[in-house]
Every structure is written in C-alpha cells, then in structure tokens.
$ cat query-v4.cif   # mmCIF, C-alpha atoms
data_target
#
loop_
_atom_site.label_atom_id
_atom_site.label_comp_id
_atom_site.auth_asym_id
_atom_site.auth_seq_id
_atom_site.Cartn_x
_atom_site.Cartn_y
_atom_site.Cartn_z
CA MET G 1 7.57 40.18 4.39
CA ARG G 2 8.29 38.39 7.64
CA ARG G 3 5.60 35.81 6.82
CA VAL G 4 7.18 35.16 3.44
CA ALA G 5 10.59 34.69 5.05
CA THR G 6 9.07 32.30 7.59
CA ALA G 7 7.38 30.29 4.84
CA VAL G 8 10.61 30.06 2.86
CA SER G 9 12.52 28.87 5.94
CA VAL G 10 9.91 26.16 6.51
CA ILE G 11 9.93 24.96 2.89
CA ARG G 12 13.71 25.16 2.26
CA PRO G 13 14.67 21.83 3.99
CA TYR G 14 12.26 19.96 1.71
CA LEU G 15 13.52 21.37 -1.59
CA PRO G 16 16.55 19.07 -2.21
CA GLY G 17 14.51 15.90 -1.65
CA PHE G 18 11.61 17.21 -3.70
CA ALA G 19 14.02 18.05 -6.52
CA LEU G 20 15.34 14.47 -6.40
CA LEU G 21 11.80 13.08 -6.68
CA VAL G 22 11.01 15.40 -9.58
CA ALA G 23 14.22 14.43 -11.39
CA GLY G 24 13.41 10.74 -10.94
CA ALA G 25 9.84 11.29 -12.17
CA VAL G 26 11.03 13.16 -15.27
CA LEU G 27 13.54 10.41 -16.04
CA ALA G 28 10.89 7.72 -15.52
CA ASN G 29 8.47 9.42 -17.91
CA GLY G 30 11.24 9.89 -20.46
CA VAL G 31 12.29 6.24 -20.37
CA ALA G 32 8.70 4.98 -20.45
CA GLY G 33 7.90 7.28 -23.35
CA ALA G 34 10.79 5.85 -25.34
CA VAL G 35 9.79 2.20 -24.79
CA ASP G 36 6.38 1.00 -25.96
CA GLY G 37 4.31 -0.71 -23.27
CA LEU G 38 6.50 0.42 -20.38
CA GLN G 39 4.60 2.12 -17.53
CA PRO G 40 6.16 5.28 -16.00
CA LEU G 41 5.24 4.17 -12.48
CA VAL G 42 7.19 0.93 -12.80
CA VAL G 43 10.21 2.82 -14.12
CA ALA G 44 9.84 5.33 -11.26
CA VAL G 45 10.20 2.55 -8.68
CA GLY G 46 13.20 1.17 -10.54
CA VAL G 47 14.89 4.58 -10.74
CA GLY G 48 14.38 5.14 -7.02
CA ALA G 49 15.67 1.69 -6.10
CA LEU G 50 18.73 2.13 -8.31
CA VAL G 51 19.62 5.47 -6.74
CA GLY G 52 18.86 4.28 -3.21
CA ASN G 53 21.04 1.19 -3.48
CA THR G 54 23.98 2.84 -5.27
CA VAL G 55 24.28 6.50 -4.32
CA GLY G 56 21.99 6.34 -1.30
CA THR G 57 19.91 9.19 0.08
CA PRO G 58 22.03 11.92 1.73
CA ALA G 59 20.72 13.55 4.88
CA ALA G 60 20.05 16.77 2.96
CA VAL G 61 17.38 15.12 0.80
CA GLU G 62 15.66 13.00 3.46
CA PRO G 63 13.06 15.60 4.57
CA GLY G 64 11.85 16.14 1.01
CA VAL G 65 11.94 12.46 0.09
CA SER G 66 9.86 11.62 3.17
CA VAL G 67 6.97 13.58 1.64
CA ASP G 68 6.45 10.75 -0.86
CA LYS G 69 3.83 9.23 1.44
CA LEU G 70 1.83 12.47 1.28
CA PHE G 71 2.08 12.42 -2.52
CA LEU G 72 0.85 8.82 -2.58
CA GLU G 73 -2.11 9.49 -0.31
CA THR G 74 -3.06 12.66 -2.20
CA GLY G 75 -2.79 10.80 -5.50
CA ILE G 76 -5.12 8.10 -4.17
CA VAL G 77 -7.62 10.74 -3.02
CA LEU G 78 -7.62 12.32 -6.49
CA LEU G 79 -7.86 8.88 -8.09
CA GLY G 80 -11.43 8.90 -6.82
CA ALA G 81 -12.26 11.22 -9.72
CA ALA G 82 -11.50 8.40 -12.19
CA VAL G 83 -13.81 5.91 -10.49
CA VAL G 84 -17.05 5.11 -12.28
CA ILE G 85 -19.26 4.19 -9.34
CA GLU G 86 -21.70 2.15 -11.43
CA GLU G 87 -18.97 -0.33 -12.33
CA PHE G 88 -17.90 -0.80 -8.73
CA VAL G 89 -21.45 -1.03 -7.43
CA ALA G 90 -22.07 -3.88 -9.88
CA ALA G 91 -19.04 -5.81 -8.62
CA GLY G 92 -19.13 -4.36 -5.12
CA PRO G 93 -20.68 -7.23 -3.12
CA THR G 94 -18.37 -9.76 -4.77
CA VAL G 95 -15.21 -7.70 -4.24
CA LEU G 96 -16.20 -6.77 -0.68
CA GLY G 97 -16.86 -10.42 0.11
CA LEU G 98 -13.43 -11.38 -1.23
CA VAL G 99 -11.81 -8.62 0.85
CA VAL G 100 -13.51 -9.69 4.09
CA LEU G 101 -12.69 -13.35 3.52
CA ALA G 102 -9.08 -12.53 2.62
CA VAL G 103 -8.56 -10.40 5.72
CA ALA G 104 -10.35 -12.67 8.21
CA GLY G 105 -9.00 -15.90 6.78
CA GLY G 106 -5.56 -14.41 6.17
CA LEU G 107 -5.21 -13.30 9.77
CA LEU G 108 -6.12 -16.73 11.12
CA LEU G 109 -3.92 -18.49 8.56
CA ALA G 110 -0.89 -16.28 9.25
CA GLU G 111 -1.25 -16.70 13.02
CA ALA G 112 -1.46 -20.49 12.66
CA ILE G 113 1.48 -20.72 10.26
CA ALA G 114 3.73 -18.45 12.32
CA ARG G 115 2.92 -20.01 15.70
CA LEU G 116 2.43 -23.68 14.86
CA LEU G 117 4.72 -24.30 11.89
CA PHE G 118 7.51 -21.78 12.46
CA ARG G 119 7.32 -21.58 16.27
CA LEU G 120 7.30 -17.77 16.45
CA ASP G 121 5.93 -16.40 19.69
CA GLY G 122 4.95 -13.18 21.42
CA ALA G 123 3.41 -10.38 19.36
CA THR G 124 5.49 -11.10 16.25
CA PRO G 125 2.99 -13.53 14.63
CA SER G 126 0.19 -11.00 15.11
CA LEU G 127 2.28 -8.19 13.64
CA LEU G 128 3.16 -10.32 10.61
CA ALA G 129 -0.46 -11.38 10.21
CA ALA G 130 -1.70 -7.79 10.32
CA GLY G 131 0.94 -6.57 7.88
CA ALA G 132 0.25 -9.34 5.39
CA SER G 133 -3.54 -9.31 5.69
CA ILE G 134 -4.50 -5.63 6.00
CA CYS G 135 -2.24 -2.78 4.91
CA GLY G 136 1.42 -3.61 5.24
CA VAL G 137 3.71 -1.56 7.45
CA SER G 138 0.88 0.76 8.53
CA ALA G 139 -0.98 -2.20 10.00
CA VAL G 140 2.20 -3.49 11.69
CA VAL G 141 2.69 -0.13 13.42
CA ALA G 142 -0.98 0.29 14.33
CA ILE G 143 -1.44 -3.21 15.75
CA GLY G 144 1.95 -2.95 17.45
CA ARG G 145 0.76 0.13 19.31
CA VAL G 146 -2.49 -1.53 20.32
CA LEU G 147 -0.61 -4.56 21.67
CA ASP G 148 2.20 -2.47 23.22
CA ALA G 149 4.68 -4.58 21.25
CA ARG G 150 8.41 -3.98 21.62
CA GLY G 151 10.02 -1.66 19.12
CA SER G 152 12.32 -4.44 17.95
CA ALA G 153 9.35 -6.70 17.15
CA ILE G 154 7.65 -3.92 15.16
CA THR G 155 10.85 -3.19 13.24
CA PHE G 156 11.40 -6.89 12.50
CA ALA G 157 7.84 -7.39 11.21
CA ALA G 158 7.96 -4.18 9.17
CA ALA G 159 11.22 -5.26 7.50
CA THR G 160 9.67 -8.60 6.57
CA VAL G 161 6.66 -6.89 5.02
CA LEU G 162 8.91 -4.51 3.07
CA LEU G 163 10.84 -7.48 1.68
CA PHE G 164 7.64 -8.92 0.22
CA ASP G 165 6.47 -5.51 -0.98
CA ALA G 166 9.60 -5.33 -3.14
CA ALA G 167 9.28 -8.93 -4.35
CA THR G 168 5.57 -8.84 -5.19
CA LEU G 169 5.94 -5.47 -6.94
CA VAL G 170 7.96 -7.35 -9.58
CA ALA G 171 6.30 -10.77 -9.42
CA PHE G 172 2.62 -9.86 -9.64
CA PRO G 173 2.65 -7.87 -12.92
CA LEU G 174 4.69 -10.65 -14.55
CA ALA G 175 2.31 -13.29 -13.22
CA GLY G 176 -0.71 -11.29 -14.37
CA GLU G 177 0.58 -11.19 -17.93
CA TRP G 178 1.49 -14.88 -17.90
CA LEU G 179 -1.91 -15.89 -16.49
CA GLY G 180 -3.80 -13.77 -19.02
CA LEU G 181 -5.94 -12.00 -16.42
CA THR G 182 -8.26 -9.18 -17.45
CA SER G 183 -7.63 -5.73 -15.99
CA ARG G 184 -10.40 -6.13 -13.42
CA GLN G 185 -9.31 -9.63 -12.45
CA PHE G 186 -5.70 -8.60 -12.02
CA GLY G 187 -6.55 -5.42 -10.09
CA VAL G 188 -8.76 -7.26 -7.60
CA TRP G 189 -6.26 -10.12 -7.30
CA ALA G 190 -3.41 -7.73 -6.50
CA GLY G 191 -5.62 -5.67 -4.16
CA VAL G 192 -6.62 -8.77 -2.20
CA SER G 193 -3.24 -10.53 -2.14
CA MET G 194 -0.43 -7.97 -1.90
CA PHE G 195 0.47 -6.12 1.28
CA SER G 196 1.07 -2.34 1.20
CA THR G 197 -0.94 0.29 -0.66
CA GLY G 198 1.94 1.76 -2.68
CA PRO G 199 3.16 -1.51 -4.23
CA VAL G 200 -0.46 -2.60 -4.88
CA ALA G 201 -1.15 0.59 -6.84
CA ALA G 202 2.17 0.33 -8.67
CA ALA G 203 1.54 -3.30 -9.65
CA GLY G 204 -1.99 -2.49 -10.81
CA PHE G 205 -0.93 0.43 -12.99
CA ALA G 206 1.93 -1.67 -14.37
CA HIS G 207 -0.76 -3.93 -15.85
CA SER G 208 -3.13 -1.18 -17.08
CA PRO G 209 -4.85 2.02 -15.87
CA GLU G 210 -8.08 0.10 -15.27
CA ALA G 211 -6.25 -2.55 -13.26
CA GLY G 212 -4.62 0.22 -11.23
CA GLN G 213 -8.02 1.62 -10.30
CA TRP G 214 -9.41 -1.78 -9.32
CA ALA G 215 -6.27 -2.64 -7.34
CA THR G 216 -6.37 0.65 -5.43
CA VAL G 217 -10.08 0.49 -4.62
CA THR G 218 -9.82 -3.14 -3.49
CA LYS G 219 -6.81 -2.32 -1.33
CA LEU G 220 -8.60 0.65 0.24
CA ALA G 221 -11.43 -1.70 1.18
CA ARG G 222 -8.89 -3.87 3.00
CA ASN G 223 -7.38 -0.83 4.69
CA SER G 224 -10.77 0.22 6.03
CA LEU G 225 -10.93 -2.96 8.13
CA LEU G 226 -7.91 -1.92 10.21
CA GLY G 227 -9.97 -0.42 13.02
CA GLY G 228 -12.12 -3.50 13.51
CA VAL G 229 -9.11 -5.81 13.43
CA ALA G 230 -7.32 -3.66 16.01
CA ILE G 231 -10.30 -3.88 18.36
CA ALA G 232 -10.40 -7.66 17.91
CA TYR G 233 -6.68 -7.96 18.71
CA SER G 234 -7.04 -5.72 21.75
CA LEU G 235 -9.84 -7.90 23.10
CA ALA G 236 -8.02 -11.14 22.27
CA TYR G 237 -4.75 -10.08 23.92
CA THR G 238 -5.93 -8.17 26.94
CA ALA G 239 -9.65 -8.85 27.41
CA ARG G 240 -10.11 -5.11 27.83
CA SER G 241 -13.05 -3.15 26.44
CA ALA G 242 -12.93 -1.62 22.97
CA THR G 243 -12.74 1.84 24.56
CA ASP G 244 -9.27 1.16 25.89
CA PRO G 245 -6.84 4.05 25.17
CA GLY G 246 -4.74 1.67 23.09
CA VAL G 247 -7.62 1.32 20.63
CA ARG G 248 -8.53 5.00 20.72
CA ARG G 249 -5.06 6.05 19.68
CA LEU G 250 -5.40 3.79 16.63
CA TRP G 251 -7.12 6.76 14.96
CA SER G 252 -3.72 8.36 14.51
CA GLU G 253 -2.72 5.41 12.26
CA PHE G 254 -6.08 4.94 10.50
CA PRO G 255 -5.80 5.60 6.72
CA LYS G 256 -7.81 8.83 6.67
CA PHE G 257 -7.14 9.39 2.97
CA LEU G 258 -9.76 6.67 2.40
CA LEU G 259 -12.41 9.23 3.40
CA GLY G 260 -11.01 11.76 0.92
CA PHE G 261 -11.03 9.15 -1.84
CA LEU G 262 -14.71 8.41 -1.22
CA LEU G 263 -15.58 12.11 -1.14
CA VAL G 264 -13.81 12.84 -4.44
CA ALA G 265 -15.43 9.78 -6.05
CA ALA G 266 -18.86 10.98 -4.93
CA ILE G 267 -18.26 14.50 -6.29
CA ALA G 268 -16.89 13.21 -9.61
CA ASN G 269 -19.89 10.94 -10.14
CA SER G 270 -22.41 13.64 -9.24
CA GLY G 271 -21.90 15.41 -12.56
CA VAL G 272 -20.67 18.64 -10.98
CA LEU G 273 -17.24 18.50 -12.61
CA SER G 274 -16.70 18.89 -16.35
CA PRO G 275 -14.81 16.28 -18.40
CA ALA G 276 -11.92 18.75 -18.73
CA ALA G 277 -11.75 19.17 -14.94
CA LEU G 278 -11.80 15.40 -14.42
CA ASP G 279 -9.02 15.02 -16.99
CA SER G 280 -6.91 17.64 -15.18
CA ILE G 281 -7.44 15.90 -11.84
CA GLY G 282 -6.36 12.64 -13.45
CA ARG G 283 -3.12 14.19 -14.74
CA VAL G 284 -2.33 15.62 -11.31
CA SER G 285 -3.01 12.22 -9.73
CA ASP G 286 -0.67 10.52 -12.22
CA ALA G 287 2.08 13.07 -11.49
CA LEU G 288 1.73 12.56 -7.73
CA PHE G 289 1.85 8.78 -8.14
CA THR G 290 5.05 9.06 -10.15
CA LEU G 291 6.71 11.22 -7.48
CA ALA G 292 5.52 8.84 -4.76
CA PHE G 293 6.82 5.76 -6.55
CA VAL G 294 10.27 7.30 -6.97
CA GLY G 295 10.22 7.71 -3.18
CA LEU G 296 8.99 4.15 -2.78
CA GLY G 297 11.96 2.92 -4.78
CA LEU G 298 14.36 5.03 -2.72
CA SER G 299 13.10 3.27 0.44
CA ILE G 300 13.97 -0.21 -0.88
CA ARG G 301 17.26 -1.37 0.64
CA LEU G 302 18.51 -4.71 -0.64
CA ARG G 303 21.08 -5.01 2.16
CA GLU G 304 18.41 -4.69 4.84
CA MET G 305 16.18 -7.20 3.07
CA ARG G 306 18.89 -9.85 3.40
CA GLU G 307 18.91 -9.42 7.19
CA VAL G 308 15.30 -10.48 7.74
CA GLY G 309 14.90 -13.70 9.72
CA GLY G 310 14.29 -16.93 7.86
CA ALA G 311 11.35 -18.08 10.01
CA ALA G 312 9.42 -14.84 9.46
CA VAL G 313 10.12 -14.94 5.72
CA GLY G 314 8.98 -18.56 5.53
CA ALA G 315 5.78 -17.86 7.43
CA VAL G 316 4.82 -14.84 5.34
CA LEU G 317 5.80 -16.56 2.08
CA LEU G 318 3.57 -19.55 2.82
CA HIS G 319 0.73 -17.19 3.76
CA LEU G 320 1.17 -15.22 0.53
CA LEU G 321 1.20 -18.33 -1.65
CA VAL G 322 -1.97 -19.75 -0.10
CA VAL G 323 -3.93 -16.47 -0.07
CA SER G 324 -2.89 -15.43 -3.58
CA ALA G 325 -3.67 -18.89 -5.00
CA LEU G 326 -7.15 -18.94 -3.46
CA ALA G 327 -7.76 -15.34 -4.51
CA LEU G 328 -6.69 -16.19 -8.08
CA VAL G 329 -9.21 -19.02 -8.25
CA ALA G 330 -11.89 -16.70 -6.87
CA VAL G 331 -11.31 -13.83 -9.31
CA ARG G 332 -11.20 -16.19 -12.30
CA TRP G 333 -14.46 -17.76 -11.22
CA LEU G 334 -16.36 -14.69 -10.02
CA LEU G 335 -15.12 -11.73 -12.11
#
$ encode --input "query-v4.cif" --output "structure tokens"
Amino acid sequence: MRRVATAVSVIRPYLPGFALLVAGAVLANGVAGAVDGLQPLVVAVGVGALVGNTVGTPAAVEPGVSVDKLFLETGIVLLGAAVVIEEFVAAGPTVLGLVVLAVAGGLLLAEAIARLLFRLDGATPSLLAAGASICGVSAVVAIGRVLDARGSAITFAAATVLLFDAATLVAFPLAGEWLGLTSRQFGVWAGVSMFSTGPVAAAGFAHSPEAGQWATVTKLARNSLLGGVAIAYSLAYTARSATDPGVRRLWSEFPKFLLGFLLVAAIANSGVLSPAALDSIGRVSDALFTLAFVGLGLSIRLREMREVGGAAVGAVLLHLLVVSALALVAVRWLL
C-alpha cells in the first residue's frame, strides 16, 4: 500500500500537463478527421502553439508538458517497426553521402558566414553551426558544454535555432507540395536541411507517412554524427586529446534513442513480429508523436522569437538557403 501511495505521489505532478497534451491530441485528431488531407501532427503543433501563445502554460502543467520530449523519442524508437530495411539499404549509400556532405559542408559554411560576413565571434558561430548542421538545440547544448561556452551564448544560439524550427515547420511542407517532390525526395530533403528532430518529423509526416519515415531516418543519421563533430570542435578549440572530460560528458547529450530505433527496426525486419503486432506498434507510435507535437507547439513563443539578434538570424538564414538549395538539387538528381 505504501508503494502505491509513493507511486501516486510521484505521478501526480505530471497529470495536469499530460491531460493538456491528451486534450490537444484529441482535438488535433478530430480537426484532421473532419478536413480531408489535413495531417493530425500538423494540427497538433498548431493547437499547441495557439494555446501557448494565448493562454500560456501554467506552472501546474509544466512537469507533464515537459514529458513531450520522452514521447517524441519513444515514438521515434517505435517508428523503427515501420522501416522496411531493404528500401533504405538500396538508397543508403546515397542518403548517407548526402548527410555527411551536408553536415561537414554545413558546419564550414555556417562558421564562415557567421564569422566573416556577420562578424560574430567567440563560441556563438560554432554553436549556430552545430545547431543548424546537426540536431538543433541538442547540438547547441552538447557543443556548448564541450567548448565551455557561456550560458548566455548557448541560450542565444538555441533561441535562433528555435526560430527557424518554427519557420521551416511551415515552409518546408508548402515548398514540397509546390515543388512536386516525391515522398522519398521530400523526406530526405527535409531530413538533410531542417534543424531539430521534432520539426523534421512533423514536416515529413505533413507531406505523407512515407516522407515522415524518410525524414526521420535521414535526420537520425545526422544526429549520429554529433559525437564526431564534438571531438573535432574540442580539438580545434583547445588542442586537447579526444579523451578530455569535456568530450566524455557529451554522452549525456548523445541521442541514445537512435540505438533503440535501430534495434526495433532490426527486430521488425527479422520476421519475429506479426503484421498485427507491427500495426499496433505503428498506432502507438502515431499517438506518441501527436502528444509530442502538441508539446512542441506549446514550446513555440512568438514573443521570444522576435528578440533574437539580427546578425544571428541573417547568418543562419543564409546557411539554410544555401544548404537547402543544394540538397534540393541533389535529391532531385539522385533519388
């Protein structure tokens, strides 16, 4: 009885926020079901953003709402069950090559633009480059820790990345429709060009389920390069060995859900699970994504976006335009 009481006391603070996410998810599914062609995940982001920028998120719901990241990562892990490995093996070398080129070239391009054209100095150009080229805010925080960057610099770079996460979440699906990209082309384009994992997945699924899978897998490939990039930055900034404690503590920021995604994909493609089981896993993954995207919308603050510095916005915008344009040419030509 005491254990039950303890469990209830632990869970209770999360219930109001979880209830808000569930309500937003139910509303999103209802609206999407009433409008042909409208994706629930896109509506979920819109519902969250509307609530966050009008009513706000009271302190009572913040613990539960903060679990949206766990829902997103778990949804991505379960998404591995929907991956047909043969398809990705066929396109694997091409997609992997695009990812490596986008990350390596994007880092160098962002550093050059920020330092030479916009005269930003210190660790800020590197934080912006990492956020734009690897995995958004997670990369900003991880590289910031490796470089011992000031908290203000990390916050500034993270806010800039979040601004573009919100903008590209709307712009990319519209551009994909206008450009007439196939599901695979759009998914890889979004996975190579956009910044954070959540908006990439949302944009992909806004186009089609297949595009959502390609976008997520491509983005996870970019995320997996975080460790190597952190080591390179540590060496470039401090000339210390790769065993420096600053690099070792990067493991706390490494996207470990990538390993779970690969494990679930391997199990699903081994033939162990029945079609009914795979279908059930897919429905759970969709539900978790919807909850996570309501939380993603709640985190979008238009007032804060207006406070981001013009130089940082200009640098990241130029980087995004160049990388996305080159990536678009590549996916049209290669996929």
$ closest_residue --input "query-v4.cif" --among "G:Val229, G:Val35, G:Val103, G:Val284" --to "G:Ala327" --atoms "all atoms listed in the file"
G:Val103
$ axis_aligned_box --input "query-v4.cif" --around "stretch 261-279 of chain G" --padding-each-side "6 Å" --output "lines of an AutoDock Vina configuration file"
center_x = -15.7
center_y = 13.8
center_z = -9.9
size_x = 25.4
size_y = 22.8
size_z = 29.6
$ atom_distance --input "query-v4.cif" --atom1 "atom CA of G:Val45" --atom2 "atom CA of G:Ala202"
8.3 Å
$ atom_distance --input "query-v4.cif" --atom1 "atom CA of G:Gly187" --atom2 "atom CA of G:Asp165"
15.9 Å
$ resolve_selection --input "query-v4.cif" --expression "the PyMOL selection byres ((chain G and resi 131) around 9)" --output "list in words"
Ser126, Leu127, Leu128, Ala129, Ala130, Ala132, Ser133, Ile134, Cys135, Gly136, Val137, Ser138, Ala139, Val140, Val141, Ile143, Ala157, Ala158, Val161, Phe195 and Ser196 of chain G
$ closest_residue --input "query-v4.cif" --among "G:Val323, G:Leu79, G:Leu163, G:Ala114" --to "G:Phe205" --atoms "all atoms listed in the file"
G:Leu79
$ residues_around --input "query-v4.cif" --residues "G:Thr218" --least-positions-apart "6" --cutoff "7 Å" --atoms "only C-alpha atoms" --output "NGL selection string"
:G and (188 or 191-192)
$ closest_residue --input "query-v4.cif" --among "G:Ala102, G:Ala292, G:Ala236, G:Thr160" --to "G:Val67" --atoms "all atoms listed in the file"
G:Ala292
$ closest_residue --input "query-v4.cif" --among "G:Ser208, G:Gln213, G:Arg119, G:Ser324" --to "G:Met194" --atoms "all atoms listed in the file"
G:Ser324
$ closest_residue --input "query-v4.cif" --among "G:Ala32, G:Ala175, G:Val65, G:Ile76" --to "G:Ala215" --atoms "only C-alpha atoms"
G:Ile76
$ closest_residue --input "query-v4.cif" --among "G:Gly33, G:Gly52, G:Gly80, G:Gly106" --to "G:Leu259" --atoms "all atoms listed in the file"
G:Gly80
$ atom_distance --input "query-v4.cif" --atom1 "atom CA of G:Val51" --atom2 "atom CA of G:Gly75"
23.1 Å
$ residues_around --input "query-v4.cif" --residues "G:Ala60" --least-positions-apart "6" --cutoff "9 Å" --atoms "all atoms listed in the file" --output "number ranges by chain"
G: 13-14, 16-17
$ write_last_selection --input "query-v4.cif" --atoms "C-alpha atoms" --output "tab-separated table (two decimals), in the coordinates of the input"
chain	number	residue	atom	x	y	z
G	13	PRO	CA	14.67	21.83	3.99
G	14	TYR	CA	12.26	19.96	1.71
G	16	PRO	CA	16.55	19.07	-2.21
G	17	GLY	CA	14.51	15.90	-1.65
$ residues_around --input "query-v4.cif" --residues "G:Ser280" --least-positions-apart "5" --cutoff "12 Å" --atoms "all atoms listed in the file" --output "MDAnalysis selection string"
chainID G and resid 78:79 81:82 273:275 285:287
$ resolve_selection --input "query-v4.cif" --expression "the PyMOL selection byres ((chain G and resi 63) around 12)" --output "number ranges by chain"
G: 10-21, 57-62, 64-69, 295
$ resolve_selection --input "query-v4.cif" --expression "the PyMOL selection byres ((chain G and resi 290) around 8)" --output "list in words"
Ala25, Pro40, Leu41, Ala44, Asp286, Ala287, Leu288, Phe289, Leu291, Ala292, Phe293 and Val294 of chain G
$ residues_around --input "query-v4.cif" --residues "G:Gly212" --least-positions-apart "3" --cutoff "9 Å" --atoms "only C-alpha atoms" --output "list in words"
Ser183, Arg184, Phe186, Gly187, Val200, Ala201, Ala202, Ala203, Gly204, Phe205, Ala206, His207, Ser208, Pro209, Ala215, Thr216 and Val217 of chain G
